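Below: one structure, written as structure tokens.
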Amino acid sequence: MSKNYKDYWYTSSDGLKLYAREYGDENADSIICIPGLTRSSADFALLCEELSSHYHLLAVDLRGRGRSDYDGNPDNYQPATYAADVLALMDAKQLDRVTLIGTSLGGLTSMILCATSGARIRGAVINDIGPEANPEGIARIKAYVCASPPPVTTWQEAVQRTRDTQQREYPLFNDEDWQAFTRNLYVENSDGQPVLNYDPNIAVPLQADSDGIPPDLWPLFEAAATPMLLLRGELSDLLSRDCVARMQAIKPDLHVSEVANTGHAPLLTEPTAQAAITAFLDSHNR
């Protein structure tokens, strides 16, 4: 089956071989898509295909995920490291300025880059994350990322486990949706069995943070002058409406769009999300 992207490999500052899917014309304005904690570049496939007629896109596998190298030091699995990896990608591709689209952990990484490398960031789409996170949402994520359930042996079992874990977040999913969502989370091993497509050690920093509350990121958000679009899932247990209101108070020019009937995090294939992203990109790129 043909694919609509090219494989691109680059090297991190500490020598890891990292991977990205590359879409579109390299001469167009560039967008880097950064996935969530347990996810990969595959999550952005439909969005990248939609945008690739006008933009050059790179959807990354963060270190420890997908086709990127796993890190022998689990302490490196944290947003500041991922931000450095994105800069390494920009340098490898000789990109002076980019727009970022970041989901959850990818959104935190994007906020760091906006605050620390703002001259190189044209704009940022932050998907369902803010400078503070609800403890309930953090606890839910830790419960499945830090757990050690028995391995699944079939794709049917993998789909059922994914559904059991994520049903609250995607109440309108049908069987086909669950299949597609699960296929982006697992990969087949040499025996043809589905296994999670990430290093289990990404959980180590979460386990070390016993109270589950991330550090105060409000100063970082306040320091970022980059134009931003904030997306929120209507049912999100991670990004509260109070947090969104505070973000708007700090940045009155913050664009905000809420995606109905979705928790953490919107897939960015929803019509509401795609319309908001397209309008934001049009206003800050082309």
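By order of appearance in the structure tokens: chains A, B, ..., then residues from 1 within every chain, and ligands from 1 in the order shown.
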
Open item on the list: Please list as a VMD selection string every residue within 12 Å of His284 (chain A), counting only C-alpha atoms and excluding residues in the same chain fewer than 2 positions away.
Closed with: chain A and resid 29 to 31 97 to 100 121 to 125 226 to 229 255 277 to 282 286

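By chain and then residue number, the residues within 10 Å of Tyr10 (chain A) are Gly15, Leu16, Lys17, Leu18, Tyr19, Ala20, Ser68, Asp85, Ala88, Leu89, Met90, Asp91, Ala92 and Lys93 of chain A, counting only C-alpha atoms and disregarding those fewer than 4 positions away in sequence.
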
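If you look at CA of Gln78 (chain A) and CA of Asn201 (chain A), they are 11.5 Å away from each other.
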
Write out as a tab-separated table a residue-level contact list of region 46-108 of chain A versus region 268-272 of chain A with cut-off 12 Å: for each qualifying residue the closest pair of atoms and the distance in Å to one decimal, counting only C-alpha atoms, rows sorted by chain and residue number upward.
```
residue	atom	partner	partner_atom	distance
A:Leu46	CA	A:Thr269	CA	6.8
A:Leu47	CA	A:Thr269	CA	6.2
A:Cys48	CA	A:Thr269	CA	10.0
A:Glu49	CA	A:Thr269	CA	10.8
A:Glu50	CA	A:Thr269	CA	9.4
A:Leu51	CA	A:Thr269	CA	11.4
A:Ile101	CA	A:Leu268	CA	9.8
A:Gly102	CA	A:Leu268	CA	10.4
A:Thr103	CA	A:Leu268	CA	9.0
```

Task: Close residues, Tyr82 (chain A) itself excluded, 9 Å, only C-alpha atoms, min 6 positions apart in chain, as a PyMOL selection string - done: chain A and resi 62-63+76+106+109

Hey, can you spit out that residue selection with C-alpha atoms as a CSV table (one decimal), in the first residue's frame?
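And here's out05.csv as it stands now:
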```csv
chain,number,residue,atom,x,y,z
A,62,LEU,CA,9.2,11.3,20.4
A,63,ARG,CA,12.2,9.4,21.7
A,76,ASN,CA,15.3,12.0,29.8
A,106,GLY,CA,3.2,17.6,22.8
A,109,THR,CA,6.6,20.7,24.7
```

Task: Asp43 (chain A) surroundings by only C-alpha atoms, 9 Å radius, close-in-sequence under 4 positions cut, as a list in words - done: Pro35, Arg39, Leu47, Ala59, Phe181, Asn184, Leu185, Leu267 and Leu268 of chain A

I need the chosen residues saved as a PDB file, in the first residue's frame, with N, CA and C atoms.
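File again.pdb, as written:
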```pdb
ATOM      1  N   PRO A  35       3.125  14.453  19.257  1.00  0.00           N
ATOM      2  CA  PRO A  35       2.027  13.667  19.851  1.00  0.00           C
ATOM      3  C   PRO A  35       2.053  13.629  21.374  1.00  0.00           C
ATOM      4  N   ARG A  39       1.564   8.162  22.429  1.00  0.00           N
ATOM      5  CA  ARG A  39       1.136   8.147  21.042  1.00  0.00           C
ATOM      6  C   ARG A  39       2.313   8.362  20.085  1.00  0.00           C
ATOM      7  N   LEU A  47      -4.802  14.545   9.592  1.00  0.00           N
ATOM      8  CA  LEU A  47      -4.618  15.997   9.622  1.00  0.00           C
ATOM      9  C   LEU A  47      -3.510  16.410   8.656  1.00  0.00           C
ATOM     10  N   ALA A  59       5.638  15.098  11.307  1.00  0.00           N
ATOM     11  CA  ALA A  59       4.993  14.532  12.499  1.00  0.00           C
ATOM     12  C   ALA A  59       5.998  13.598  13.159  1.00  0.00           C
ATOM     13  N   PHE A 181      -7.898   3.679  16.272  1.00  0.00           N
ATOM     14  CA  PHE A 181      -7.226   4.265  17.429  1.00  0.00           C
ATOM     15  C   PHE A 181      -6.222   3.274  18.021  1.00  0.00           C
ATOM     16  N   ASN A 184      -2.951   2.688  16.054  1.00  0.00           N
ATOM     17  CA  ASN A 184      -1.947   3.734  16.240  1.00  0.00           C
ATOM     18  C   ASN A 184      -1.245   3.644  17.588  1.00  0.00           C
ATOM     19  N   LEU A 185      -1.706   2.755  18.451  1.00  0.00           N
ATOM     20  CA  LEU A 185      -1.142   2.610  19.782  1.00  0.00           C
ATOM     21  C   LEU A 185      -0.258   1.371  19.896  1.00  0.00           C
ATOM     22  N   LEU A 267      -8.886  14.342  18.604  1.00  0.00           N
ATOM     23  CA  LEU A 267      -8.040  13.666  17.623  1.00  0.00           C
ATOM     24  C   LEU A 267      -7.533  14.607  16.530  1.00  0.00           C
ATOM     25  N   LEU A 268      -8.122  15.793  16.462  1.00  0.00           N
ATOM     26  CA  LEU A 268      -7.801  16.809  15.450  1.00  0.00           C
ATOM     27  C   LEU A 268      -8.334  16.433  14.071  1.00  0.00           C
TER      28      LEU A 268
END
```

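When only C-alpha atoms are used to measure the gap to Gly64 (chain A), the shortest distance among A:Cys146, A:Leu206, A:Ala139, A:Leu196 belongs to A:Leu196.
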
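Comparing A:Leu95, A:Leu231, A:Ile141, A:Ala83 by their smallest distance to Gln274 (chain A), the closest is A:Leu231 (using only C-alpha atoms).
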
Task: Residue list (helix (DSSP H, G or I), DSSP) for region 27-188 of chain A, as JSON, numbers by chain - done: {"A": [41, 42, 43, 44, 45, 46, 47, 48, 49, 50, 51, 74, 75, 76, 79, 80, 81, 82, 83, 84, 85, 86, 87, 88, 89, 90, 91, 92, 105, 106, 107, 108, 109, 110, 111, 112, 113, 114, 115, 116, 118, 119, 120, 135, 136, 137, 138, 139, 140, 141, 142, 143, 144, 145, 155, 156, 157, 158, 159, 160, 161, 162, 163, 164, 165, 166, 175, 176, 177, 178, 179, 180, 181, 182, 183]}

- [ ] Would you please give, as a ChimeraX atom specification, all residues of region 221-265 of chain A that DSSP assigns to strand (DSSP E) based on the backbone?
- [x] /A:228-233,255-259

Task: Spatial neighbours of Thr165 (chain A), max dist 10 Å, only C-alpha atoms, sep filter under 6 positions, as a list in words - done: Arg140, Ile141, Ala143, Tyr144 and Val159 of chain A

For the residues selected in the previous step, produce a file with C-alpha atoms as an mmCIF file, in the first residue's frame.
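Below you can see again-v3.cif, which holds the result:
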```
data_model
loop_
_atom_site.group_PDB
_atom_site.id
_atom_site.type_symbol
_atom_site.label_atom_id
_atom_site.label_comp_id
_atom_site.auth_asym_id
_atom_site.auth_seq_id
_atom_site.Cartn_x
_atom_site.Cartn_y
_atom_site.Cartn_z
ATOM 1 C CA ARG A 140 -6.256 8.485 35.322
ATOM 2 C CA ILE A 141 -3.323 8.684 32.925
ATOM 3 C CA ALA A 143 -3.219 4.470 36.272
ATOM 4 C CA TYR A 144 -2.898 3.011 32.779
ATOM 5 C CA VAL A 159 -8.960 -3.147 20.885
#
```

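From CA of Ala245 (chain A) back to CA of Ala133 (chain A), the distance works out to 13.6 Å.
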
TODO: Can you pull out every residue within 10 Å of Gln156 (chain A), counting only C-alpha atoms, but drop anything in the same chain fewer than 6 positions away, and send it as a ChimeraX atom specification?
DONE: /A:162,179,182,194

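If only C-alpha atoms are the atoms counted, then among A:Gln193, A:Ser257, A:Thr153, A:Ser41 the closest residue to Asn127 (chain A) is A:Ser257.
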
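Shell of Tyr170 (chain A) at 9 Å, with only C-alpha atoms counted and residues fewer than 4 places along the chain excluded, is Arg163, Gln166, Leu235, Asn261, Thr262, Gly263, His264, Ala265 and Pro266 of chain A.
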
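Of the listed residues A:Ile129, A:Ala147, A:Ala80, A:Leu220, the one whose atoms come nearest to Leu238 (chain A) is A:Ile129, with distances taken using only C-alpha atoms.
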
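From CA of Glu157 (chain A) back to CA of Gly72 (chain A), the distance works out to 29.7 Å.
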
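Here the question is which of A:Asn174, A:Gln94, A:Ser104, A:Gln207 gets nearest to Arg120 (chain A) using only C-alpha atoms, and that residue is A:Gln94.
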